[in-house]
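What follows is the content of my_file.pdb, which has PDB, C-alpha atoms:
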MODEL        1
ATOM      1  CA  MET R   1       0.000   0.000   0.000
ATOM      2  CA  ARG R   2       1.272   3.468  -0.880
ATOM      3  CA  ILE R   3       0.494   6.164   1.685
ATOM      4  CA  VAL R   4       1.061   9.586   0.131
ATOM      5  CA  GLY R   5       1.647  12.589   2.389
ATOM      6  CA  LEU R   6       0.023  15.842   1.273
ATOM      7  CA  THR R   7       0.726  19.079   3.112
ATOM      8  CA  GLY R   8       1.147  22.786   2.606
ATOM      9  CA  GLY R   9       0.132  25.899   4.486
ATOM     10  CA  ILE R  10      -2.977  27.941   5.076
ATOM     11  CA  ALA R  11      -4.252  29.392   1.770
ATOM     12  CA  SER R  12      -1.583  27.543  -0.215
ATOM     13  CA  GLY R  13      -4.101  25.535  -2.260
ATOM     14  CA  LYS R  14      -3.636  22.209  -0.488
ATOM     15  CA  SER R  15      -7.384  21.638  -0.275
ATOM     16  CA  THR R  16      -7.697  22.183  -4.031
ATOM     17  CA  VAL R  17      -5.072  19.503  -4.667
ATOM     18  CA  SER R  18      -6.804  17.222  -2.160
ATOM     19  CA  ASN R  19     -10.069  17.611  -4.096
ATOM     20  CA  LEU R  20      -8.258  16.830  -7.352
ATOM     21  CA  PHE R  21      -7.142  13.521  -5.876
ATOM     22  CA  LYS R  22     -10.719  12.757  -4.807
ATOM     23  CA  SER R  23     -12.048  13.592  -8.270
ATOM     24  CA  ASN R  24      -9.598  11.029  -9.675
ATOM     25  CA  ASP R  25     -10.902   8.309  -7.321
ATOM     26  CA  ILE R  26      -7.896   8.442  -4.982
ATOM     27  CA  PRO R  27      -9.150   8.211  -1.373
ATOM     28  CA  VAL R  28      -8.063  11.046   0.923
ATOM     29  CA  VAL R  29      -7.875  10.960   4.711
ATOM     30  CA  ASP R  30      -8.356  14.598   5.745
ATOM     31  CA  ALA R  31      -6.776  15.418   9.112
ATOM     32  CA  ASP R  32      -8.979  18.518   9.442
ATOM     33  CA  VAL R  33     -12.094  16.342   9.207
ATOM     34  CA  VAL R  34     -10.631  13.962  11.787
ATOM     35  CA  ALA R  35      -9.817  16.937  14.031
ATOM     36  CA  ARG R  36     -13.407  18.187  13.795
ATOM     37  CA  GLU R  37     -14.592  14.755  14.903
ATOM     38  CA  ALA R  38     -12.102  14.878  17.794
ATOM     39  CA  LEU R  39     -13.652  18.203  18.922
ATOM     40  CA  LYS R  40     -17.293  17.143  18.707
ATOM     41  CA  LYS R  41     -19.357  17.917  21.772
ATOM     42  CA  GLY R  42     -18.951  15.252  24.428
ATOM     43  CA  SER R  43     -15.904  13.586  22.843
ATOM     44  CA  GLY R  44     -12.664  12.998  24.722
ATOM     45  CA  GLY R  45     -10.908  15.758  22.793
ATOM     46  CA  TRP R  46     -13.790  18.181  23.474
ATOM     47  CA  LYS R  47     -13.583  17.532  27.207
ATOM     48  CA  LYS R  48      -9.808  18.089  27.270
ATOM     49  CA  VAL R  49     -10.014  21.338  25.302
ATOM     50  CA  VAL R  50     -12.912  22.793  27.316
ATOM     51  CA  GLU R  51     -11.123  21.924  30.533
ATOM     52  CA  ALA R  52      -7.969  23.670  29.294
ATOM     53  CA  PHE R  53      -9.448  26.760  27.597
ATOM     54  CA  GLY R  54     -12.719  27.262  29.429
ATOM     55  CA  GLU R  55     -16.351  27.409  28.354
ATOM     56  CA  GLU R  56     -15.868  30.796  26.655
ATOM     57  CA  ILE R  57     -14.672  28.897  23.575
ATOM     58  CA  LEU R  58     -18.072  27.217  23.223
ATOM     59  CA  LEU R  59     -21.042  28.172  21.070
ATOM     60  CA  ASP R  60     -24.548  28.301  22.522
ATOM     61  CA  ASN R  61     -25.139  24.687  21.410
ATOM     62  CA  GLY R  62     -22.065  23.475  23.292
ATOM     63  CA  GLU R  63     -19.895  22.857  20.241
ATOM     64  CA  VAL R  64     -16.431  24.403  20.088
ATOM     65  CA  ASN R  65     -16.295  27.833  18.460
ATOM     66  CA  ARG R  66     -13.404  26.941  16.155
ATOM     67  CA  PRO R  67     -12.738  30.488  14.854
ATOM     68  CA  ARG R  68     -12.586  31.767  18.451
ATOM     69  CA  LEU R  69     -10.275  28.954  19.508
ATOM     70  CA  GLY R  70      -8.150  29.639  16.434
ATOM     71  CA  GLN R  71      -7.761  33.309  17.354
ATOM     72  CA  ILE R  72      -6.569  32.330  20.817
ATOM     73  CA  VAL R  73      -3.974  29.766  19.772
ATOM     74  CA  PHE R  74      -2.651  31.486  16.641
ATOM     75  CA  ALA R  75      -1.798  34.545  18.747
ATOM     76  CA  ASP R  76       0.113  32.495  21.348
ATOM     77  CA  PRO R  77       2.670  29.818  20.298
ATOM     78  CA  ASP R  78       2.618  28.153  23.728
ATOM     79  CA  LYS R  79      -1.169  27.769  23.686
ATOM     80  CA  ARG R  80      -1.049  26.496  20.107
ATOM     81  CA  GLN R  81       1.499  23.815  20.994
ATOM     82  CA  PHE R  82      -0.524  22.908  24.076
ATOM     83  CA  LEU R  83      -3.665  22.464  21.967
ATOM     84  CA  ASN R  84      -1.753  20.313  19.475
ATOM     85  CA  ARG R  85      -0.510  18.083  22.289
ATOM     86  CA  LEU R  86      -4.030  17.726  23.689
ATOM     87  CA  LEU R  87      -5.553  16.670  20.380
ATOM     88  CA  ALA R  88      -2.620  14.708  18.906
ATOM     89  CA  PRO R  89      -3.623  11.289  20.364
ATOM     90  CA  TYR R  90      -7.219  11.638  19.131
ATOM     91  CA  ILE R  91      -6.207  12.836  15.666
ATOM     92  CA  SER R  92      -3.500  10.190  15.225
ATOM     93  CA  SER R  93      -5.920   7.453  16.283
ATOM     94  CA  GLY R  94      -8.596   8.782  13.930
ATOM     95  CA  ILE R  95      -6.210   8.884  10.967
ATOM     96  CA  PHE R  96      -4.979   5.350  11.733
ATOM     97  CA  TRP R  97      -8.479   3.876  11.722
ATOM     98  CA  GLU R  98      -9.438   5.724   8.534
ATOM     99  CA  VAL R  99      -6.375   4.207   6.833
ATOM    100  CA  VAL R 100      -7.288   0.739   8.148
ATOM    101  CA  LYS R 101     -10.821   1.095   6.718
ATOM    102  CA  LEU R 102      -9.473   2.050   3.282
ATOM    103  CA  TRP R 103      -6.853  -0.717   3.410
ATOM    104  CA  SER R 104      -9.564  -3.283   4.222
ATOM    105  CA  LYS R 105     -11.464  -2.128   1.123
ATOM    106  CA  GLY R 106      -8.451  -2.959  -1.038
ATOM    107  CA  TYR R 107      -7.198   0.528  -1.922
ATOM    108  CA  LYS R 108      -3.537   0.477  -2.915
ATOM    109  CA  VAL R 109      -2.953   4.251  -2.849
ATOM    110  CA  ILE R 110      -4.174   6.509  -0.025
ATOM    111  CA  VAL R 111      -3.483  10.218   0.439
ATOM    112  CA  LEU R 112      -3.065  11.671   3.925
ATOM    113  CA  ASP R 113      -4.001  15.363   3.836
ATOM    114  CA  VAL R 114      -2.284  16.648   6.985
ATOM    115  CA  PRO R 115      -1.415  20.336   7.562
ATOM    116  CA  LEU R 116       0.990  19.384  10.390
ATOM    117  CA  LEU R 117       2.515  16.420   8.550
ATOM    118  CA  PHE R 118       6.092  17.291   9.572
ATOM    119  CA  GLU R 119       5.302  18.831  12.938
ATOM    120  CA  ALA R 120       3.358  15.733  14.032
ATOM    121  CA  LYS R 121       6.090  13.414  12.649
ATOM    122  CA  ILE R 122       3.552  11.688  10.404
ATOM    123  CA  ASP R 123       5.871  12.217   7.417
ATOM    124  CA  LYS R 124       7.888   9.129   8.410
ATOM    125  CA  PHE R 125       4.855   6.986   7.521
ATOM    126  CA  THR R 126       4.293   8.543   4.078
ATOM    127  CA  LYS R 127       6.072   8.267   0.740
ATOM    128  CA  PRO R 128       6.129  10.310  -1.425
ATOM    129  CA  ILE R 129       5.542  13.594   0.379
ATOM    130  CA  ILE R 130       3.822  16.330  -1.639
ATOM    131  CA  VAL R 131       4.078  19.974  -0.583
ATOM    132  CA  VAL R 132       1.814  22.603  -2.133
ATOM    133  CA  TRP R 133       3.926  25.772  -2.130
ATOM    134  CA  VAL R 134       3.323  29.495  -2.628
ATOM    135  CA  ASP R 135       5.489  32.459  -1.649
ATOM    136  CA  PRO R 136       4.611  34.110   1.708
ATOM    137  CA  GLU R 137       3.109  37.305   0.301
ATOM    138  CA  THR R 138       0.860  35.415  -2.106
ATOM    139  CA  GLN R 139      -0.182  33.187   0.767
ATOM    140  CA  ILE R 140      -1.156  36.158   2.956
ATOM    141  CA  GLN R 141      -3.009  37.967   0.170
ATOM    142  CA  ARG R 142      -5.026  34.849  -0.672
ATOM    143  CA  LEU R 143      -5.808  34.293   2.993
ATOM    144  CA  LEU R 144      -7.065  37.868   3.445
ATOM    145  CA  ALA R 145      -9.203  37.609   0.305
ATOM    146  CA  ARG R 146     -10.601  34.234   1.352
ATOM    147  CA  ASP R 147     -11.393  34.900   5.015
ATOM    148  CA  ASN R 148     -11.842  38.680   4.940
ATOM    149  CA  SER R 149      -9.693  38.855   8.077
ATOM    150  CA  SER R 150      -7.367  41.617   9.223
ATOM    151  CA  GLU R 151      -3.795  41.662   7.946
ATOM    152  CA  GLU R 152      -2.489  41.229  11.500
ATOM    153  CA  ASP R 153      -4.631  38.141  12.053
ATOM    154  CA  GLY R 154      -3.624  36.771   8.649
ATOM    155  CA  ARG R 155       0.086  37.219   9.328
ATOM    156  CA  ASN R 156      -0.287  35.653  12.785
ATOM    157  CA  ARG R 157      -1.893  32.577  11.246
ATOM    158  CA  VAL R 158       0.756  32.253   8.521
ATOM    159  CA  ASN R 159       3.641  32.853  10.941
ATOM    160  CA  ALA R 160       2.204  30.276  13.338
ATOM    161  CA  GLN R 161       2.920  27.515  10.812
ATOM    162  CA  MET R 162       6.167  25.990   9.635
ATOM    163  CA  PRO R 163       7.380  28.153   6.694
ATOM    164  CA  LEU R 164       6.476  26.686   3.320
ATOM    165  CA  ASP R 165      10.106  27.075   2.206
ATOM    166  CA  VAL R 166      11.102  24.690   5.003
ATOM    167  CA  LYS R 167       8.372  22.239   4.041
ATOM    168  CA  ARG R 168       9.442  22.447   0.410
ATOM    169  CA  SER R 169      12.978  21.417   1.387
ATOM    170  CA  LYS R 170      11.569  18.232   2.969
ATOM    171  CA  ALA R 171       9.299  17.283   0.063
ATOM    172  CA  ASP R 172       9.646  14.564  -2.553
ATOM    173  CA  ILE R 173       7.271  16.459  -4.851
ATOM    174  CA  VAL R 174       6.611  20.216  -4.883
ATOM    175  CA  ILE R 175       3.531  21.721  -6.512
ATOM    176  CA  ASP R 176       4.093  25.427  -7.183
ATOM    177  CA  ASN R 177       0.679  27.062  -6.819
ATOM    178  CA  THR R 178       1.679  30.670  -7.488
ATOM    179  CA  GLY R 179       0.156  30.514 -10.963
ATOM    180  CA  SER R 180      -3.295  29.906 -12.390
ATOM    181  CA  LEU R 181      -5.669  27.015 -11.788
ATOM    182  CA  ASP R 182      -4.720  25.677 -15.230
ATOM    183  CA  ASP R 183      -1.068  25.659 -14.158
ATOM    184  CA  LEU R 184      -2.023  23.764 -11.012
ATOM    185  CA  ASN R 185      -4.044  21.196 -12.981
ATOM    186  CA  GLU R 186      -1.145  20.621 -15.360
ATOM    187  CA  GLN R 187       1.258  19.980 -12.490
ATOM    188  CA  PHE R 188      -1.275  17.730 -10.796
ATOM    189  CA  GLN R 189      -1.577  15.473 -13.834
ATOM    190  CA  ASN R 190       2.165  14.803 -13.682
ATOM    191  CA  VAL R 191       1.926  14.126  -9.945
ATOM    192  CA  LEU R 192      -1.017  11.767 -10.483
ATOM    193  CA  VAL R 193       0.995   9.659 -12.933
ATOM    194  CA  ARG R 194       3.817   9.353 -10.424
ATOM    195  CA  VAL R 195       1.596   8.602  -7.439
ATOM    196  CA  THR R 196      -0.478   5.945  -9.217
ATOM    197  CA  GLY R 197       2.503   4.155 -10.762
ATOM    198  CA  PRO R 198       3.217   0.476  -9.999
ATOM    199  CA  LEU R 199       3.735  -0.323  -6.329
ATOM    200  CA  THR R 200       7.184  -1.312  -5.157
ATOM    201  CA  TRP R 201       7.486  -4.856  -3.783
ATOM    202  CA  TYR R 202       7.530  -3.447  -0.262
ATOM    203  CA  GLU R 203       4.351  -1.457  -0.896
ATOM    204  CA  PHE R 204       2.679  -4.450  -2.555
ATOM    205  CA  TRP R 205       3.252  -6.719   0.441
ATOM    206  CA  GLN R 206       1.631  -4.055   2.637
ATOM    207  CA  SER R 207      -1.528  -4.038   0.509
ATOM    208  CA  ARG R 208      -4.547  -6.220   1.244
ATOM    209  CA  GLN R 209      -3.728  -8.330  -1.810
ATOM    210  CA  GLY R 210      -0.155  -8.819  -0.610
ATOM    211  CA  VAL R 211      -1.246  -9.749   2.899
ATOM    212  CA  SER R 212      -3.815 -12.171   1.437
ATOM    213  CA  ILE R 213      -1.077 -13.899  -0.565
ATOM    214  CA  ILE R 214       1.124 -14.153   2.522
ATOM    215  CA  LEU R 215      -1.708 -15.603   4.615
ATOM    216  CA  ALA R 216      -2.653 -18.041   1.844
ATOM    217  CA  SER R 217       0.966 -19.156   1.549
ATOM    218  CA  LEU R 218       1.287 -19.619   5.311
ATOM    219  CA  THR R 219      -1.970 -21.572   5.433
ATOM    220  CA  SER R 220      -0.862 -23.817   2.572
ATOM    221  CA  GLY R 221       2.473 -24.371   4.294
ATOM    222  CA  VAL R 222       0.800 -25.331   7.567
ATOM    223  CA  VAL R 223      -1.576 -27.750   5.797
ATOM    224  CA  LEU R 224       1.323 -29.335   3.897
ATOM    225  CA  CYS R 225       3.355 -29.738   7.087
ATOM    226  CA  MET R 226       0.384 -31.358   8.833
ATOM    227  CA  LYS R 227      -0.049 -33.815   5.961
ATOM    228  CA  VAL R 228       3.641 -34.723   6.024
ATOM    229  CA  PHE R 229       3.532 -35.176   9.797
ATOM    230  CA  ASN R 230       0.409 -37.337   9.644
ATOM    231  CA  ASN R 231       1.862 -39.499   6.868
ATOM    232  CA  ASN R 232       5.073 -40.047   8.836
ATOM    233  CA  SER R 233       3.056 -40.949  11.925
ATOM    234  CA  LEU R 234       1.141 -43.738  10.164
TER     235      LEU R 234
ENDMDL
END

What's the structure tokens form of this structure?
Amino acid sequence: MRIVGLTGGIASGKSTVSNLFKSNDIPVVDADVVAREALKKGSGGWKKVVEAFGEEILLDNGEVNRPRLGQIVFADPDKRQFLNRLLAPYISSGIFWEVVKLWSKGYKVIVLDVPLLFEAKIDKFTKPIIVVWVDPETQIQRLLARDNSSEEDGRNRVNAQMPLDVKRSKADIVIDNTGSLDDLNEQFQNVLVRVTGPLTWYEFWQSRQGVSIILASLTSGVVLCMKVFNNNSL
């Protein structure tokens, strides 16, 4: 099984690339979706976060006010790291079980869409690693246009993340999203060919088909050994 790591930064276009994979029938495990599940009212993650940050981060219905929580943690690196530590076990567990579900369905290529791929050390489980890159000023301008937020808030959110230049240096594949959507689509087609290429032997033996062959071989070996033993005992 090939587990592809996809990451980038806020307003870099990572979600657009993620949707392109989905539209080409490549399953995507979205860490943001998993994180939302981890923060649902009454969940273990919800209880930890409310205990740590207080009920002022809650909406009237009891769900977490994510924009409010985001403002708090993006303005304070210590609080942001604390929040990440609180939610990390729930998010990691959620991603693991989503991968297991897809593996059990026989998928040979799975994309992990994880904003904190490097920070959470999930990159060591993925190959290749794709980084969607834009220059910092383009990133900030797109963020301001998208969220209609203040420039100070936008810069705080960008500066709170690992710089995209650093992520680019760690990538196997870089998608430069400073151009048009047509440019992005053209790059994606080349990436798709690479990602969906034949599995290596190591990747094949990790797939459901590979595991099935191993189990079948072991079962056949055990049956053969039992027959030989029984024949020698007669």

Residues within 12 Å of (4.2, 35.0, 0.7), file coordinates, counting all atoms listed in the file: what are they? Give the list as a list in words.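 Residues satisfying the cut-off, written out: Gly9, Ile10, Ala11, Ser12, Trp133, Val134, Asp135, Pro136, Glu137, Thr138, Gln139, Ile140, Gln141, Arg142, Leu143, Leu144, Gly154, Arg155, Val158, Asn159, Pro163, Leu164, Asp165, Asn177 and Thr178 of chain R.
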
Prev. selection, C-alpha atoms, output as a PDB file, in the frame of the given file:
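Result file follows (out.pdb):
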ATOM      1  CA  GLY R   9       0.132  25.899   4.486  1.00  0.00           C
ATOM      2  CA  ILE R  10      -2.977  27.941   5.076  1.00  0.00           C
ATOM      3  CA  ALA R  11      -4.252  29.392   1.770  1.00  0.00           C
ATOM      4  CA  SER R  12      -1.583  27.543  -0.215  1.00  0.00           C
ATOM      5  CA  TRP R 133       3.926  25.772  -2.130  1.00  0.00           C
ATOM      6  CA  VAL R 134       3.323  29.495  -2.628  1.00  0.00           C
ATOM      7  CA  ASP R 135       5.489  32.459  -1.649  1.00  0.00           C
ATOM      8  CA  PRO R 136       4.611  34.110   1.708  1.00  0.00           C
ATOM      9  CA  GLU R 137       3.109  37.305   0.301  1.00  0.00           C
ATOM     10  CA  THR R 138       0.860  35.415  -2.106  1.00  0.00           C
ATOM     11  CA  GLN R 139      -0.182  33.187   0.767  1.00  0.00           C
ATOM     12  CA  ILE R 140      -1.156  36.158   2.956  1.00  0.00           C
ATOM     13  CA  GLN R 141      -3.009  37.967   0.170  1.00  0.00           C
ATOM     14  CA  ARG R 142      -5.026  34.849  -0.672  1.00  0.00           C
ATOM     15  CA  LEU R 143      -5.808  34.293   2.993  1.00  0.00           C
ATOM     16  CA  LEU R 144      -7.065  37.868   3.445  1.00  0.00           C
ATOM     17  CA  GLY R 154      -3.624  36.771   8.649  1.00  0.00           C
ATOM     18  CA  ARG R 155       0.086  37.219   9.328  1.00  0.00           C
ATOM     19  CA  VAL R 158       0.756  32.253   8.521  1.00  0.00           C
ATOM     20  CA  ASN R 159       3.641  32.853  10.941  1.00  0.00           C
ATOM     21  CA  PRO R 163       7.380  28.153   6.694  1.00  0.00           C
ATOM     22  CA  LEU R 164       6.476  26.686   3.320  1.00  0.00           C
ATOM     23  CA  ASP R 165      10.106  27.075   2.206  1.00  0.00           C
ATOM     24  CA  ASN R 177       0.679  27.062  -6.819  1.00  0.00           C
ATOM     25  CA  THR R 178       1.679  30.670  -7.488  1.00  0.00           C
TER      26      THR R 178
END

Could you tell me which residues the PyMOL selection byres ((chain R and resi 54-69) around 12) returns for this structure, as a PyMOL selection string? chain R and resi 32+35-43+45-53+70-76+79-80+83+147+149+153+157

If I take atom CA of R:Asp176 and atom CA of R:Gln81, how far is one from the other in Å, to one decimal?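 The value is 28.3 Å.
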
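Proximity ranking of R:Leu192, R:Leu86, R:Val109, R:Ile122 relative to R:Ala31 places R:Ile122 first, based on all atoms listed in the file.
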
Selected residue, from R:Asn19, R:Asn156, R:Asn190, R:Ser104, that lies nearest to R:Pro77 when counting only C-alpha atoms: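 Among R:Asn19, R:Asn156, R:Asn190, R:Ser104, it is R:Asn156 that comes nearest to R:Pro77.
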
Please report the interatomic distance between atom CA of R:Gly44 and atom CA of R:Leu87 in Å with one decimal.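 Atom CA of R:Leu87 lies 9.1 Å from atom CA of R:Gly44.
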
Please compute the atom CA of R:Ile110-atom CA of R:Met1 distance, one decimal, in Å.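 That distance, rounded to one decimal, is 7.7 Å.
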
Using the chain letters and numbering of this document, enumerate as an mmCIF file with C-alpha atoms, in the frame of the given file the residues selected by the PyMOL selection byres ((chain R and resi 16) around 12).
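The resulting file, expr_13.cif, is reproduced below:
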data_model
loop_
_atom_site.group_PDB
_atom_site.id
_atom_site.type_symbol
_atom_site.label_atom_id
_atom_site.label_comp_id
_atom_site.auth_asym_id
_atom_site.auth_seq_id
_atom_site.Cartn_x
_atom_site.Cartn_y
_atom_site.Cartn_z
ATOM 1 C CA LEU R 6 0.023 15.842 1.273
ATOM 2 C CA THR R 7 0.726 19.079 3.112
ATOM 3 C CA GLY R 8 1.147 22.786 2.606
ATOM 4 C CA ILE R 10 -2.977 27.941 5.076
ATOM 5 C CA ALA R 11 -4.252 29.392 1.770
ATOM 6 C CA SER R 12 -1.583 27.543 -0.215
ATOM 7 C CA GLY R 13 -4.101 25.535 -2.260
ATOM 8 C CA LYS R 14 -3.636 22.209 -0.488
ATOM 9 C CA SER R 15 -7.384 21.638 -0.275
ATOM 10 C CA VAL R 17 -5.072 19.503 -4.667
ATOM 11 C CA SER R 18 -6.804 17.222 -2.160
ATOM 12 C CA ASN R 19 -10.069 17.611 -4.096
ATOM 13 C CA LEU R 20 -8.258 16.830 -7.352
ATOM 14 C CA PHE R 21 -7.142 13.521 -5.876
ATOM 15 C CA LYS R 22 -10.719 12.757 -4.807
ATOM 16 C CA SER R 23 -12.048 13.592 -8.270
ATOM 17 C CA ASP R 113 -4.001 15.363 3.836
ATOM 18 C CA VAL R 132 1.814 22.603 -2.133
ATOM 19 C CA ILE R 175 3.531 21.721 -6.512
ATOM 20 C CA ASN R 177 0.679 27.062 -6.819
ATOM 21 C CA LEU R 181 -5.669 27.015 -11.788
ATOM 22 C CA LEU R 184 -2.023 23.764 -11.012
ATOM 23 C CA ASN R 185 -4.044 21.196 -12.981
ATOM 24 C CA PHE R 188 -1.275 17.730 -10.796
#

Run the PyMOL selection byres ((chain R and resi 102) around 12) on the file and write out the hits as a compact mmCIF listing (two decimals) with C-alpha atoms, in the frame of the given file.
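Listing of part.txt after writing:
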# COMPACT_ATOMS: atom_id res chain seq x y z
CA MET R 1 0.00 0.00 0.00
CA ARG R 2 1.27 3.47 -0.88
CA ILE R 3 0.49 6.16 1.68
CA ILE R 26 -7.90 8.44 -4.98
CA PRO R 27 -9.15 8.21 -1.37
CA VAL R 28 -8.06 11.05 0.92
CA VAL R 29 -7.88 10.96 4.71
CA ILE R 95 -6.21 8.88 10.97
CA PHE R 96 -4.98 5.35 11.73
CA TRP R 97 -8.48 3.88 11.72
CA GLU R 98 -9.44 5.72 8.53
CA VAL R 99 -6.38 4.21 6.83
CA VAL R 100 -7.29 0.74 8.15
CA LYS R 101 -10.82 1.10 6.72
CA TRP R 103 -6.85 -0.72 3.41
CA SER R 104 -9.56 -3.28 4.22
CA LYS R 105 -11.46 -2.13 1.12
CA GLY R 106 -8.45 -2.96 -1.04
CA TYR R 107 -7.20 0.53 -1.92
CA LYS R 108 -3.54 0.48 -2.92
CA VAL R 109 -2.95 4.25 -2.85
CA ILE R 110 -4.17 6.51 -0.02
CA VAL R 111 -3.48 10.22 0.44
CA LEU R 112 -3.06 11.67 3.92
CA SER R 207 -1.53 -4.04 0.51
CA ARG R 208 -4.55 -6.22 1.24

For a quick check of your reading of the model, name the residues lying within 6 Å of the coordinate (2.2, 13.8, -3.8), counting all atoms listed in the file, and write them as a count of residues only. 6

Kindly compute an axis-aligned box around the listed atoms of stretch 72-81 of chain R, allowing 8 Å on each side, and express its centre and edge lengths in Å to one decimal as lines of an AutoDock Vina configuration file.
center_x = -1.9
center_y = 29.2
center_z = 20.2
size_x = 25.2
size_y = 26.7
size_z = 23.1

Rank R:Glu151, R:Val33, R:Val131, R:Asp123 by their smallest atom-to-atom distance to R:Ser169, using only C-alpha atoms, and report the top residue only.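 For R:Ser169, the nearest of the given residues is R:Val131.
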
Tell me which of R:Gln189, R:Ala120, R:Asn24, R:Pro115 sits closest to R:Ala88, counting only C-alpha atoms. R:Ala120

N, CA, C and O atoms modelled onto stretch 140-153 of chain R, as an mmCIF file, in the coordinates of the input:
data_model
loop_
_atom_site.group_PDB
_atom_site.id
_atom_site.type_symbol
_atom_site.label_atom_id
_atom_site.label_comp_id
_atom_site.auth_asym_id
_atom_site.auth_seq_id
_atom_site.Cartn_x
_atom_site.Cartn_y
_atom_site.Cartn_z
ATOM 1 N N ILE R 140 -0.432 35.214 2.094
ATOM 2 C CA ILE R 140 -1.156 36.158 2.956
ATOM 3 C C ILE R 140 -2.275 36.854 2.185
ATOM 4 O O ILE R 140 -3.403 36.990 2.686
ATOM 5 N N GLN R 141 -1.990 37.277 0.964
ATOM 6 C CA GLN R 141 -3.009 37.967 0.170
ATOM 7 C C GLN R 141 -4.195 37.055 -0.118
ATOM 8 O O GLN R 141 -5.359 37.477 -0.055
ATOM 9 N N ARG R 142 -3.934 35.798 -0.424
ATOM 10 C CA ARG R 142 -5.026 34.849 -0.672
ATOM 11 C C ARG R 142 -5.826 34.585 0.594
ATOM 12 O O ARG R 142 -7.048 34.433 0.551
ATOM 13 N N LEU R 143 -5.127 34.523 1.724
ATOM 14 C CA LEU R 143 -5.808 34.293 2.993
ATOM 15 C C LEU R 143 -6.739 35.455 3.333
ATOM 16 O O LEU R 143 -7.892 35.255 3.735
ATOM 17 N N LEU R 144 -6.250 36.690 3.145
ATOM 18 C CA LEU R 144 -7.065 37.868 3.445
ATOM 19 C C LEU R 144 -8.287 37.926 2.534
ATOM 20 O O LEU R 144 -9.391 38.267 2.970
ATOM 21 N N ALA R 145 -8.086 37.587 1.255
ATOM 22 C CA ALA R 145 -9.203 37.609 0.305
ATOM 23 C C ALA R 145 -10.212 36.508 0.619
ATOM 24 O O ALA R 145 -11.426 36.690 0.461
ATOM 25 N N ARG R 146 -9.715 35.374 1.080
ATOM 26 C CA ARG R 146 -10.601 34.234 1.352
ATOM 27 C C ARG R 146 -11.410 34.421 2.628
ATOM 28 O O ARG R 146 -12.624 34.177 2.653
ATOM 29 N N ASP R 147 -10.747 34.844 3.702
ATOM 30 C CA ASP R 147 -11.393 34.900 5.015
ATOM 31 C C ASP R 147 -11.848 36.292 5.418
ATOM 32 O O ASP R 147 -12.489 36.445 6.459
ATOM 33 N N ASN R 148 -11.470 37.289 4.625
ATOM 34 C CA ASN R 148 -11.842 38.680 4.940
ATOM 35 C C ASN R 148 -11.403 39.070 6.347
ATOM 36 O O ASN R 148 -12.108 39.787 7.071
ATOM 37 N N SER R 149 -10.219 38.568 6.745
ATOM 38 C CA SER R 149 -9.693 38.855 8.077
ATOM 39 C C SER R 149 -8.738 40.034 8.015
ATOM 40 O O SER R 149 -8.379 40.518 6.930
ATOM 41 N N SER R 150 -8.308 40.509 9.181
ATOM 42 C CA SER R 150 -7.367 41.617 9.223
ATOM 43 C C SER R 150 -5.985 41.127 8.810
ATOM 44 O O SER R 150 -5.670 39.924 8.914
ATOM 45 N N GLU R 151 -5.150 42.053 8.361
ATOM 46 C CA GLU R 151 -3.795 41.662 7.946
ATOM 47 C C GLU R 151 -3.002 41.127 9.130
ATOM 48 O O GLU R 151 -2.240 40.163 8.989
ATOM 49 N N GLU R 152 -3.203 41.707 10.312
ATOM 50 C CA GLU R 152 -2.489 41.229 11.500
ATOM 51 C C GLU R 152 -2.865 39.788 11.817
ATOM 52 O O GLU R 152 -2.000 38.946 12.088
ATOM 53 N N ASP R 153 -4.170 39.508 11.786
ATOM 54 C CA ASP R 153 -4.631 38.141 12.053
ATOM 55 C C ASP R 153 -4.102 37.186 10.990
ATOM 56 O O ASP R 153 -3.666 36.069 11.300
#
